[in-house]
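Quick look at upload.csv (CSV, C-alpha atoms and all ligand atoms):
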```
chain,number,residue,atom,x,y,z
X,691,MET,CA,0.0,0.0,0.0
X,692,ALA,CA,2.8,2.4,1.0
X,693,THR,CA,4.7,1.7,-2.3
X,694,HIS,CA,1.5,2.2,-4.2
X,695,THR,CA,1.0,5.6,-2.6
X,696,ALA,CA,4.7,6.5,-3.2
X,697,SER,CA,4.5,5.7,-6.9
X,698,LYS,CA,1.3,7.6,-7.2
X,699,ARG,CA,2.9,10.6,-5.6
X,700,GLN,CA,5.9,10.2,-7.8
X,701,ARG,CA,3.8,10.1,-10.9
X,702,ALA,CA,2.0,13.3,-9.8
X,703,ALA,CA,5.3,15.0,-9.3
X,704,VAL,CA,6.4,14.1,-12.8
X,705,ALA,CA,3.1,15.3,-14.2
X,706,ASN,CA,3.4,18.6,-12.5
X,707,GLN,CA,7.0,19.1,-13.4
X,708,HIS,CA,7.5,21.7,-16.2
X,709,PHE,CA,9.6,20.2,-19.0
X,710,GLU,CA,11.1,22.3,-21.8
X,711,GLN,CA,10.0,21.4,-25.3
X,712,GLY,CA,11.8,21.2,-28.6
X,713,LEU,CA,11.8,19.9,-32.2
X,714,VAL,CA,13.7,16.8,-33.2
X,715,THR,CA,15.9,17.8,-36.2
X,716,ALA,CA,17.9,14.6,-36.7
X,717,THR,CA,18.4,11.2,-35.2
X,718,PHE,CA,21.7,9.3,-34.8
X,719,GLY,CA,21.0,5.8,-33.6
X,720,ARG,CA,19.4,6.3,-30.2
X,721,HIS,CA,20.5,9.9,-29.9
X,722,VAL,CA,18.6,12.8,-31.3
X,723,SER,CA,19.4,16.4,-32.1
X,724,VAL,CA,16.8,18.7,-30.7
X,725,LEU,CA,16.3,22.4,-31.5
X,726,CYS,CA,15.1,23.5,-28.1
X,727,ASP,CA,12.5,26.2,-27.7
X,728,ASP,CA,15.2,28.4,-26.1
X,729,GLY,CA,16.9,28.4,-29.5
X,730,VAL,CA,19.8,26.0,-28.5
X,731,GLU,CA,20.5,22.8,-30.4
X,732,ARG,CA,21.1,20.0,-27.9
X,733,LEU,CA,21.9,16.3,-28.1
X,734,CYS,CA,19.2,14.4,-26.2
X,735,HIS,CA,19.1,10.8,-25.1
X,736,PRO,CA,16.2,8.5,-24.4
X,737,ARG,CA,15.6,7.3,-20.8
X,738,GLY,CA,15.3,3.7,-21.9
X,739,LYS,CA,17.2,1.6,-24.3
X,740,LYS,CA,15.2,2.6,-27.3
X,741,ASN,CA,14.6,6.0,-28.8
X,742,GLN,CA,10.9,6.5,-29.9
X,743,ALA,CA,11.4,10.1,-31.2
X,744,VAL,CA,11.7,10.7,-35.0
X,745,VAL,CA,12.6,13.8,-37.0
X,746,GLY,CA,9.7,16.3,-36.9
X,747,ASP,CA,8.6,15.2,-33.4
X,748,ARG,CA,8.0,17.7,-30.7
X,749,ILE,CA,9.4,16.4,-27.4
X,750,GLN,CA,9.6,17.3,-23.8
X,751,TRP,CA,13.1,17.2,-22.4
X,752,SER,CA,15.0,17.9,-19.2
X,753,LEU,CA,18.5,19.1,-18.7
X,754,SER,CA,21.2,16.6,-17.7
X,755,ALA,CA,24.7,18.0,-17.7
X,756,ASP,CA,25.0,20.0,-20.9
X,757,GLN,CA,22.8,17.6,-22.8
X,758,GLY,CA,19.2,16.6,-22.6
X,759,THR,CA,17.0,13.6,-21.6
X,760,ILE,CA,13.9,12.9,-23.6
X,761,GLU,CA,10.9,12.8,-21.2
X,762,SER,CA,8.1,12.3,-23.7
X,763,VAL,CA,7.2,12.5,-27.3
X,764,LEU,CA,4.1,14.8,-27.9
X,765,PRO,CA,1.2,13.4,-30.0
X,766,ARG,CA,1.9,13.3,-33.7
X,767,ARG,CA,-0.3,14.6,-36.5
X,768,ASN,CA,1.1,11.9,-38.8
X,769,LEU,CA,4.1,9.6,-39.3
X,770,PHE,CA,5.6,8.7,-42.7
X,771,PHE,CA,7.3,5.4,-42.7
X,772,ARG,CA,8.4,2.3,-44.6
X,773,GLN,CA,7.6,-1.2,-43.3
X,774,ASP,CA,9.7,-4.2,-44.1
X,775,ASP,CA,9.1,-7.7,-42.8
X,776,MET,CA,11.3,-7.0,-39.8
X,777,ARG,CA,11.3,-3.3,-39.1
X,778,THR,CA,9.4,0.0,-39.3
X,779,LYS,CA,11.7,2.6,-40.8
X,780,SER,CA,10.4,6.1,-39.9
X,781,PHE,CA,11.2,9.0,-42.2
X,782,ALA,CA,9.6,11.8,-40.3
X,783,ALA,CA,6.6,12.9,-38.3
X,784,ASN,CA,4.3,16.0,-38.5
X,785,ILE,CA,4.9,16.7,-42.2
X,786,ASP,CA,2.6,18.4,-44.7
X,787,GLN,CA,3.8,16.9,-47.9
X,788,ILE,CA,6.3,14.5,-49.5
X,789,VAL,CA,8.4,15.5,-52.4
X,790,VAL,CA,9.4,12.3,-54.3
X,791,PHE,CA,12.7,13.5,-55.8
X,792,LEU,CA,13.9,11.6,-58.9
X,793,GLY,CA,16.8,12.3,-61.3
X,794,ALA,CA,17.2,11.8,-65.0
X,795,GLU,CA,20.0,9.6,-63.7
X,796,PRO,CA,20.3,7.2,-61.9
X,797,GLU,CA,17.3,5.6,-63.6
X,798,TYR,CA,14.4,5.5,-61.1
X,799,SER,CA,12.2,2.5,-60.4
X,800,ASP,CA,8.5,2.9,-61.2
X,801,MET,CA,7.8,0.3,-58.6
X,802,GLN,CA,9.5,2.2,-55.8
X,803,LEU,CA,8.0,5.5,-56.9
X,804,SER,CA,4.5,3.9,-56.8
X,805,ARG,CA,5.2,2.4,-53.4
X,806,ALA,CA,6.2,5.8,-51.9
X,807,LEU,CA,3.1,7.4,-53.4
X,808,ILE,CA,0.9,4.6,-52.0
X,809,ALA,CA,2.4,5.0,-48.5
X,810,ALA,CA,1.7,8.8,-48.7
X,811,GLN,CA,-1.9,8.2,-49.8
X,812,ALA,CA,-2.5,5.7,-47.0
X,813,GLU,CA,-1.2,8.1,-44.4
X,814,GLY,CA,-3.3,11.0,-45.9
X,815,ILE,CA,-0.2,13.1,-46.8
X,816,SER,CA,-0.1,14.9,-50.2
X,817,ALA,CA,2.7,14.3,-52.6
X,818,ILE,CA,4.4,15.9,-55.5
X,819,ILE,CA,7.1,14.5,-57.9
X,820,VAL,CA,10.2,16.4,-59.0
X,821,LEU,CA,12.3,15.1,-61.9
X,822,ASN,CA,15.8,16.6,-61.5
X,823,LYS,CA,18.8,16.9,-63.9
X,824,HIS,CA,16.9,18.6,-66.7
X,825,ASP,CA,20.3,19.6,-68.1
X,826,LEU,CA,20.9,15.9,-69.1
X,827,THR,CA,18.5,16.4,-72.0
X,828,ASP,CA,18.2,12.9,-73.5
X,829,LEU,CA,18.0,11.0,-70.2
X,830,PHE,CA,15.7,13.6,-68.9
X,831,ASN,CA,13.2,13.4,-71.8
X,832,ARG,CA,13.1,9.6,-71.5
X,833,SER,CA,12.3,9.8,-67.7
X,834,TRP,CA,9.8,12.6,-68.3
X,835,GLN,CA,7.9,10.4,-70.7
X,836,ARG,CA,7.8,7.6,-68.2
X,837,LEU,CA,6.1,9.9,-65.7
X,838,LYS,CA,3.1,10.5,-67.9
X,839,PRO,CA,0.8,8.2,-66.0
X,840,TYR,CA,1.5,10.1,-62.8
X,841,ARG,CA,0.7,13.4,-64.5
X,842,ASP,CA,-2.5,11.9,-65.9
X,843,MET,CA,-3.7,10.9,-62.5
X,844,GLY,CA,-3.5,14.5,-61.4
X,845,LEU,CA,-0.2,14.6,-59.6
X,846,THR,CA,2.0,17.7,-59.8
X,847,VAL,CA,5.2,16.6,-61.6
X,848,LEU,CA,7.9,19.3,-61.9
X,849,PRO,CA,11.0,19.5,-64.0
X,850,LEU,CA,14.2,20.8,-62.3
X,851,SER,CA,17.9,21.4,-62.9
X,852,LEU,CA,20.2,22.2,-60.0
X,853,ASN,CA,23.2,22.4,-62.3
X,854,ALA,CA,24.6,25.9,-61.6
X,855,GLN,CA,25.5,26.2,-65.3
X,856,ALA,CA,21.9,25.4,-66.5
X,857,PRO,CA,19.4,26.1,-63.7
X,858,PHE,CA,15.8,25.3,-64.5
X,859,GLY,CA,12.5,25.1,-62.7
X,860,MET,CA,13.1,26.5,-59.3
X,861,GLU,CA,10.6,29.3,-59.7
X,862,ALA,CA,7.8,26.6,-60.1
X,863,LEU,CA,9.0,24.5,-57.2
X,864,ALA,CA,9.7,27.2,-54.6
X,865,PRO,CA,6.1,28.4,-54.1
X,866,LEU,CA,5.1,24.7,-53.4
X,867,LEU,CA,7.5,24.6,-50.5
X,868,LYS,CA,6.1,27.7,-48.7
X,869,ASN,CA,4.3,27.5,-45.4
X,870,ARG,CA,4.7,23.8,-45.0
X,871,ALA,CA,7.1,21.0,-43.9
X,872,SER,CA,8.2,19.0,-46.9
X,873,LEU,CA,10.0,15.6,-46.7
X,874,VAL,CA,12.3,15.0,-49.7
X,875,LEU,CA,12.8,11.4,-50.5
X,876,GLY,CA,14.0,9.3,-53.4
X,877,PRO,CA,16.8,7.1,-54.7
X,878,SER,CA,20.4,7.8,-53.9
X,879,GLY,CA,22.1,10.3,-56.3
X,880,ALA,CA,18.9,12.0,-57.5
X,881,GLY,CA,20.1,15.3,-56.0
X,882,LYS,CA,18.1,15.7,-52.8
X,883,SER,CA,21.0,17.1,-50.8
X,884,THR,CA,21.9,19.4,-53.6
X,885,LEU,CA,18.4,20.8,-53.4
X,886,ILE,CA,18.7,21.4,-49.7
X,887,ASN,CA,22.1,23.1,-50.2
X,888,THR,CA,20.6,25.3,-52.8
X,889,LEU,CA,17.6,26.3,-50.6
X,890,VAL,CA,19.4,26.5,-47.3
X,891,PRO,CA,22.8,28.1,-47.9
X,892,MET,CA,23.8,27.4,-44.2
X,893,ALA,CA,23.1,23.7,-44.6
X,894,THR,CA,26.3,22.5,-46.3
X,895,VAL,CA,24.9,19.0,-46.6
X,896,HIS,CA,27.4,16.6,-48.0
X,897,THR,CA,26.4,15.8,-51.6
X,898,GLN,CA,27.4,12.7,-53.3
X,899,GLU,CA,30.2,13.4,-55.7
X,900,ILE,CA,30.7,10.3,-57.8
X,901,SER,CA,34.2,9.7,-58.8
X,902,ARG,CA,34.0,6.5,-60.7
X,903,ALA,CA,37.8,5.9,-60.9
X,904,LEU,CA,38.5,6.0,-57.2
X,905,ASN,CA,35.0,5.9,-55.6
X,906,SER,CA,36.4,8.6,-53.3
X,907,GLY,CA,34.7,11.8,-52.2
X,908,LYS,CA,31.4,10.1,-52.1
X,909,HIS,CA,29.1,11.7,-49.6
X,910,THR,CA,25.8,9.9,-49.4
X,911,THR,CA,23.3,11.1,-46.9
X,912,THR,CA,23.1,8.8,-43.8
X,913,SER,CA,20.6,10.6,-41.6
X,914,THR,CA,17.3,12.3,-42.0
X,915,THR,CA,17.6,16.0,-41.1
X,916,TRP,CA,15.1,18.9,-40.7
X,917,TYR,CA,16.1,22.3,-42.0
X,918,TRP,CA,14.1,25.5,-41.6
X,919,LEU,CA,13.8,27.4,-44.9
X,920,ASP,CA,13.3,30.8,-43.3
X,921,GLU,CA,14.0,32.7,-40.1
X,922,THR,CA,10.4,32.8,-39.1
X,923,HIS,CA,10.2,29.0,-39.3
X,924,SER,CA,7.2,29.0,-41.5
X,925,ALA,CA,8.5,26.4,-43.9
X,926,ALA,CA,10.9,23.4,-43.5
X,927,ILE,CA,12.6,20.9,-45.8
X,928,ILE,CA,13.7,17.5,-44.7
X,929,ASP,CA,16.6,15.7,-46.3
X,930,SER,CA,16.6,11.9,-46.2
X,931,PRO,CA,19.0,9.1,-47.2
X,932,GLY,CA,18.3,7.5,-50.6
X,933,PHE,CA,16.4,4.2,-50.4
X,934,GLN,CA,16.3,1.2,-52.7
X,935,GLU,CA,13.3,-0.6,-51.4
X,936,PHE,CA,10.2,1.0,-50.0
X,937,GLY,CA,8.5,-1.6,-47.8
X,938,LEU,CA,4.7,-1.6,-47.8
X,939,HIS,CA,4.1,-4.5,-45.4
X,940,HIS,CA,1.6,-2.3,-43.5
X,941,ILE,CA,-0.8,-2.0,-46.4
X,942,GLN,CA,-3.7,-4.4,-46.6
X,943,PRO,CA,-4.0,-5.9,-50.1
X,944,ALA,CA,-7.7,-5.3,-50.2
X,945,GLU,CA,-7.0,-1.5,-49.6
X,946,LEU,CA,-4.2,-1.2,-52.2
X,947,ALA,CA,-6.3,-0.1,-55.2
X,948,LYS,CA,-7.9,2.6,-53.0
X,949,TRP,CA,-4.4,4.2,-52.6
X,950,MET,CA,-3.8,4.2,-56.4
X,951,PRO,CA,-5.8,7.1,-57.7
X,952,ASP,CA,-5.7,5.9,-61.4
X,953,LEU,CA,-7.2,2.6,-60.3
X,954,ALA,CA,-9.5,4.0,-57.7
X,955,ALA,CA,-11.2,6.3,-60.3
X,956,HIS,CA,-12.7,3.2,-61.9
X,957,MET,CA,-13.5,0.8,-59.1
X,958,GLY,CA,-16.8,2.3,-57.9
X,959,ALA,CA,-18.9,0.1,-60.3
X,960,CYS,CA,-17.2,-3.3,-59.6
X,961,LYS,CA,-19.8,-6.1,-59.6
X,962,PHE,CA,-18.4,-7.6,-56.4
X,963,HIS,CA,-17.9,-5.4,-53.3
X,964,ASN,CA,-14.7,-7.3,-52.4
X,965,CYS,CA,-13.4,-7.2,-56.0
X,966,THR,CA,-9.6,-7.6,-56.3
X,967,HIS,CA,-9.6,-6.2,-59.8
X,968,MET,CA,-7.5,-9.1,-60.9
X,969,HIS,CA,-9.9,-11.7,-62.5
X,970,GLU,CA,-13.5,-11.0,-61.5
X,971,PRO,CA,-16.0,-10.5,-64.3
X,972,GLY,CA,-17.8,-7.1,-64.5
X,973,CYS,CA,-14.8,-5.2,-63.2
X,974,PRO,CA,-14.4,-1.7,-64.7
X,975,VAL,CA,-10.8,-1.5,-63.6
X,976,GLN,CA,-9.8,-4.4,-65.8
X,977,THR,CA,-11.9,-3.0,-68.7
X,978,ALA,CA,-10.0,0.4,-68.3
X,979,VAL,CA,-6.7,-1.4,-68.5
X,980,GLU,CA,-7.8,-3.0,-71.8
X,981,ASP,CA,-9.2,0.3,-73.1
X,982,GLY,CA,-6.0,2.2,-72.2
X,983,GLY,CA,-7.7,4.2,-69.5
X,984,ILE,CA,-5.3,2.8,-67.0
X,985,ASP,CA,-1.6,2.6,-67.8
X,986,GLU,CA,-0.5,-1.1,-68.3
X,987,ASN,CA,2.7,-0.6,-66.3
X,988,ARG,CA,0.8,0.8,-63.3
X,989,TYR,CA,-1.6,-2.1,-63.4
X,990,ARG,CA,1.3,-4.5,-63.5
X,991,ILE,CA,2.7,-2.8,-60.4
X,992,TYR,CA,-0.8,-3.2,-58.7
X,993,GLN,CA,-0.9,-6.9,-59.6
X,994,GLU,CA,2.7,-7.6,-58.4
X,995,LEU,CA,2.1,-5.7,-55.1
X,996,PHE,CA,-1.3,-7.3,-54.5
X,997,ASP,CA,0.2,-10.8,-54.9
X,998,PHE,CA,3.1,-9.9,-52.7
X,999,LEU,CA,1.0,-8.4,-49.9
X,1000,ASP,CA,-1.5,-11.1,-50.1
X,1001,ASN,CA,1.1,-13.7,-49.5
X,1002,ILE,CA,2.9,-12.3,-46.5
X,1003,PRO,CA,2.6,-14.9,-43.9
X,1004,SER,CA,1.5,-13.2,-40.7
X,1005,TYR,CA,-0.6,-11.9,-38.0
X,1006,ARG,CA,-3.1,-10.5,-40.4
Z,1101,LIG,N1,23.8,17.1,-64.1
Z,1101,LIG,C1,23.2,17.3,-62.9
Z,1101,LIG,N2,23.7,16.8,-61.8
Z,1101,LIG,C2,23.1,17.1,-60.6
Z,1101,LIG,C3,22.0,17.9,-60.5
Z,1101,LIG,N3,21.6,18.0,-59.2
Z,1101,LIG,C4,22.5,17.3,-58.5
Z,1101,LIG,N4,23.4,16.7,-59.3
Z,1101,LIG,C5,24.6,15.9,-58.9
Z,1101,LIG,O1,24.1,14.6,-58.6
Z,1101,LIG,C6,24.9,14.0,-57.6
Z,1101,LIG,C7,24.1,13.5,-56.5
Z,1101,LIG,O2,23.6,14.5,-55.7
Z,1101,LIG,P1,23.1,14.4,-54.2
Z,1101,LIG,O3,22.5,15.7,-53.9
Z,1101,LIG,O4,24.2,14.0,-53.3
Z,1101,LIG,O5,22.1,13.2,-54.3
Z,1101,LIG,P2,21.2,12.7,-53.1
Z,1101,LIG,O6,19.8,12.5,-53.7
Z,1101,LIG,O7,21.3,13.5,-51.9
Z,1101,LIG,O8,21.9,11.2,-52.8
Z,1101,LIG,P3,21.9,10.4,-51.4
Z,1101,LIG,O9,22.3,11.3,-50.3
Z,1101,LIG,O10,22.8,9.3,-51.6
Z,1101,LIG,O11,20.5,9.9,-51.2
Z,1101,LIG,C8,26.0,15.0,-57.2
Z,1101,LIG,O12,27.2,14.8,-58.0
Z,1101,LIG,C9,25.3,16.4,-57.7
Z,1101,LIG,O13,26.3,17.3,-58.0
Z,1101,LIG,C10,21.4,18.5,-61.8
Z,1101,LIG,O14,20.4,19.2,-61.8
Z,1101,LIG,N5,22.1,18.1,-62.9
Z,1102,MG,MG,21.8,13.2,-49.9
Z,1103,ZN,ZN,-12.8,-4.6,-59.7
```

Could you express the structure from this file as structure tokens?
Amino acid sequence: MATHTASKRQRAAVANQHFEQGLVTATFGRHVSVLCDDGVERLCHPRGKKNQAVVGDRIQWSLSADQGTIESVLPRRNLFFRQDDMRTKSFAANIDQIVVFLGAEPEYSDMQLSRALIAAQAEGISAIIVLNKHDLTDLFNRSWQRLKPYRDMGLTVLPLSLNAQAPFGMEALAPLLKNRASLVLGPSGAGKSTLINTLVPMATVHTQEISRALNSGKHTTTSTTWYWLDETHSAAIIDSPGFQEFGLHHIQPAELAKWMPDLAAHMGACKFHNCTHMHEPGCPVQTAVEDGGIDENRYRIYQELFDFLDNIPSYR
């Protein structure tokens, strides 16, 4: 009884204690960099073994020596993440949009692009696509063609060049980054860090300089980082490490078509309410694929993903 009272009193003390707050700007293993509300950037550590905070989280922290201890993570508006068979890989929390950042080279994967867009749809986060390296004309035009289905489904797709000798497209992109927090993600080498360096001169993010002969001077991004775009902190841009495989293990196969706007546009009149749009008769999605109303490649991606998600052995 006595212990019970003591722990109750202890809990009340903790609840009444006034902790400082801050914004998680980067994570390094279990340690996080926090821009505290007093304007100081501090390294903070979790109390337990595991760190629960991700970039974009607001946390409560307390001072310990010259560093901080994370006391709690405040409720999130959203969390953008990948899910493999083993792990959840969080990109960031409390974001307003994702910018899927591709380059004319290296060649991007339609499957991975589609997966990132599906994850954003499922989390209710809006997305835009940027195709960088406009200066590499032939490669660029080929990639631009491949993005037609995404433009047709109503997504904003912007051309860009960050090449200082041939800049292009920033005046169209810049307004879309105002007054919001944008997470930039995409394959390694597309130019994500170059974009952040262009927009945030103080950032000096290491960019990947490919020296094929020696493979030296290669600076690929290894941690997700939040940068304020302006002094009033009205807009932010988040750099992230390039990824190869965007895991979607958290998506239910029956929900998949709903998160693909080009398919979803046709599925209202399916004969069966639980139509998989794969082999059922009277399915307008399959008719649209035959008529060219849905891009064949996008439908192939749907089929492949559906089969994959439907065959994950698990707790479902
Ligand atoms: N030709 C051309 N090269 C570019 C452009 N933008 C960036 N690059 C180059 O592309 C390479 C990769 O750029 P990064 O910004 O490091 O790419 P990243 O997407 O951050 O890559 P990771 O950190 O590995 O995910 C660098 O050598 C850049 O100089 C562009 O518009 N045109
Ligand atoms: Mg980078
Ligand atoms: Zn159907």

Exercise. Taking into account only C-alpha atoms and all ligand atoms, which residue in the set X:Ile991, X:Cys965, X:Ala812, X:Leu764 is nearest to ligand ZN 1103 (chain Z)?
Worked result: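 Smallest distance to ligand ZN 1103 (chain Z) is found for X:Cys965.
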
For this session: List all protein, DNA and RNA residues that have any atom at most 12 Å from ligand ZN 1103 (chain Z), counting all atoms listed in the file, and write the list as an MDAnalysis selection string.
Result: chainID X and resid 944 946:948 953:979

Per residue of chain X within 9 Å of ligand LIG 1101 (chain Z), note the shortest atom pair and the distance in Å to one decimal, counting only C-alpha atoms and all ligand atoms, and order the rows by chain and increasing residue number, as a Markdown table.
```
| residue | atom | partner | partner_atom | distance |
| --- | --- | --- | --- | --- |
| X:Phe791 | CA | Z:LIG1101 | O6 | 7.5 |
| X:Leu792 | CA | Z:LIG1101 | O6 | 7.9 |
| X:Gly793 | CA | Z:LIG1101 | C3 | 7.7 |
| X:Ala794 | CA | Z:LIG1101 | N5 | 8.3 |
| X:Glu795 | CA | Z:LIG1101 | O1 | 8.2 |
| X:Pro796 | CA | Z:LIG1101 | O1 | 8.9 |
| X:Asn822 | CA | Z:LIG1101 | O14 | 5.3 |
| X:Lys823 | CA | Z:LIG1101 | O14 | 3.5 |
| X:His824 | CA | Z:LIG1101 | O14 | 6.1 |
| X:Asp825 | CA | Z:LIG1101 | N5 | 5.7 |
| X:Leu826 | CA | Z:LIG1101 | N1 | 5.9 |
| X:Leu850 | CA | Z:LIG1101 | O14 | 6.4 |
| X:Ser851 | CA | Z:LIG1101 | O14 | 3.5 |
| X:Leu852 | CA | Z:LIG1101 | O14 | 3.5 |
| X:Asn853 | CA | Z:LIG1101 | O14 | 4.3 |
| X:Ala854 | CA | Z:LIG1101 | O14 | 7.9 |
| X:Ala856 | CA | Z:LIG1101 | O14 | 7.9 |
| X:Pro857 | CA | Z:LIG1101 | O14 | 7.2 |
| X:Phe858 | CA | Z:LIG1101 | O14 | 8.1 |
| X:Val874 | CA | Z:LIG1101 | O6 | 8.9 |
| X:Leu875 | CA | Z:LIG1101 | O6 | 7.8 |
| X:Gly876 | CA | Z:LIG1101 | O6 | 6.6 |
| X:Pro877 | CA | Z:LIG1101 | O11 | 5.8 |
| X:Ser878 | CA | Z:LIG1101 | O11 | 3.4 |
| X:Gly879 | CA | Z:LIG1101 | O5 | 3.5 |
| X:Ala880 | CA | Z:LIG1101 | O6 | 3.9 |
| X:Gly881 | CA | Z:LIG1101 | O3 | 3.2 |
| X:Lys882 | CA | Z:LIG1101 | O6 | 3.7 |
| X:Ser883 | CA | Z:LIG1101 | O3 | 3.7 |
| X:Thr884 | CA | Z:LIG1101 | O3 | 3.8 |
| X:Leu885 | CA | Z:LIG1101 | O3 | 6.6 |
| X:Ile886 | CA | Z:LIG1101 | O3 | 8.0 |
| X:Asn887 | CA | Z:LIG1101 | O3 | 8.3 |
| X:Val895 | CA | Z:LIG1101 | O3 | 8.4 |
| X:His896 | CA | Z:LIG1101 | O4 | 6.7 |
| X:Thr897 | CA | Z:LIG1101 | O4 | 3.3 |
| X:Gln898 | CA | Z:LIG1101 | O4 | 3.5 |
| X:Glu899 | CA | Z:LIG1101 | O12 | 4.0 |
| X:Ile900 | CA | Z:LIG1101 | O12 | 5.7 |
| X:Ser901 | CA | Z:LIG1101 | O12 | 8.7 |
| X:Lys908 | CA | Z:LIG1101 | O4 | 8.3 |
| X:His909 | CA | Z:LIG1101 | O4 | 6.6 |
| X:Thr910 | CA | Z:LIG1101 | O10 | 3.8 |
| X:Thr911 | CA | Z:LIG1101 | O9 | 3.5 |
| X:Thr912 | CA | Z:LIG1101 | O9 | 7.0 |
| X:Ser913 | CA | Z:LIG1101 | O9 | 8.9 |
| X:Asp929 | CA | Z:LIG1101 | O7 | 7.6 |
| X:Ser930 | CA | Z:LIG1101 | O11 | 6.6 |
| X:Pro931 | CA | Z:LIG1101 | O11 | 4.3 |
| X:Gly932 | CA | Z:LIG1101 | O11 | 3.3 |
| X:Phe933 | CA | Z:LIG1101 | O11 | 7.1 |
```

For this session: Calculate how many Å separate atom CA of X:Ile760 from atom CA of X:Pro736, rounding to one decimal.
Result: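 Distance between the two atoms: 5.0 Å.
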
Exercise. What does the distance between atom CA of X:Ile928 and atom CA of X:Thr915 come to in Å, to one decimal place?
Worked result: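 Atom-to-atom, atom CA of X:Ile928 and atom CA of X:Thr915 are spaced 5.5 Å apart.
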
Exercise. Quick one: of X:Asp774, X:Asp952, X:Asp920, X:Glu731, who's nearest to X:Lys868, counting only C-alpha atoms?
Worked result: X:Asp920

Seminar exercise, completed: Using all atoms listed in the file, the best pick from X:Arg990, X:His923, X:Arg777, X:His940 as closest to X:Ala809 would be X:His940

Exercise. Do you have the atom CA of X:Ala743-atom CA of X:Ser723 distance handy?
Worked result: 10.2 Å

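Nearest to X:Arg732 of all the residues X:Gly712, X:Gly983, X:Gly746, X:Gly844 is X:Gly712, based on all atoms listed in the file.
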
Problem set entry | All residues 9 Å or closer to X:Leu863, only C-alpha atoms, same chain fewer than 5 positions away omitted, as a PyMOL selection string | chain X and resi 820+848-850

Residue selection dump (C-alpha atoms) as an mmCIF file, in the coordinates of the input:
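Produced file out05.cif, reproduced below:
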```cif
data_model
loop_
_atom_site.group_PDB
_atom_site.id
_atom_site.type_symbol
_atom_site.label_atom_id
_atom_site.label_comp_id
_atom_site.auth_asym_id
_atom_site.auth_seq_id
_atom_site.Cartn_x
_atom_site.Cartn_y
_atom_site.Cartn_z
ATOM 1 C CA VAL X 820 10.200 16.400 -59.000
ATOM 2 C CA LEU X 848 7.900 19.300 -61.900
ATOM 3 C CA PRO X 849 11.000 19.500 -64.000
ATOM 4 C CA LEU X 850 14.200 20.800 -62.300
#
```

Exercise. Of the candidates X:Phe936, X:Val847, X:Glu797, X:Thr914, which shows the shortest atom-to-atom distance to ligand MG 1102 (chain Z), using all atoms listed in the file?
Worked result: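 Result for the nearest residue to ligand MG 1102 (chain Z): X:Thr914.
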
For this session: Compare X:Met860, X:Ile984, X:Ile818, X:Ile941 by their minimum atom-to-atom distance to X:Arg805, counting only C-alpha atoms, and give me the closest one.
Result: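 Between X:Met860, X:Ile984, X:Ile818, X:Ile941, the residue approaching X:Arg805 most closely is X:Ile941.
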
Exercise. Could you name the residues that touch X:Val745 at 7 Å or less, counting all atoms listed in the file, but leaving out those on the same chain fewer than 3 positions away, as a PyMOL selection string?
Worked result: chain X and resi 714-717+782-783+915-916
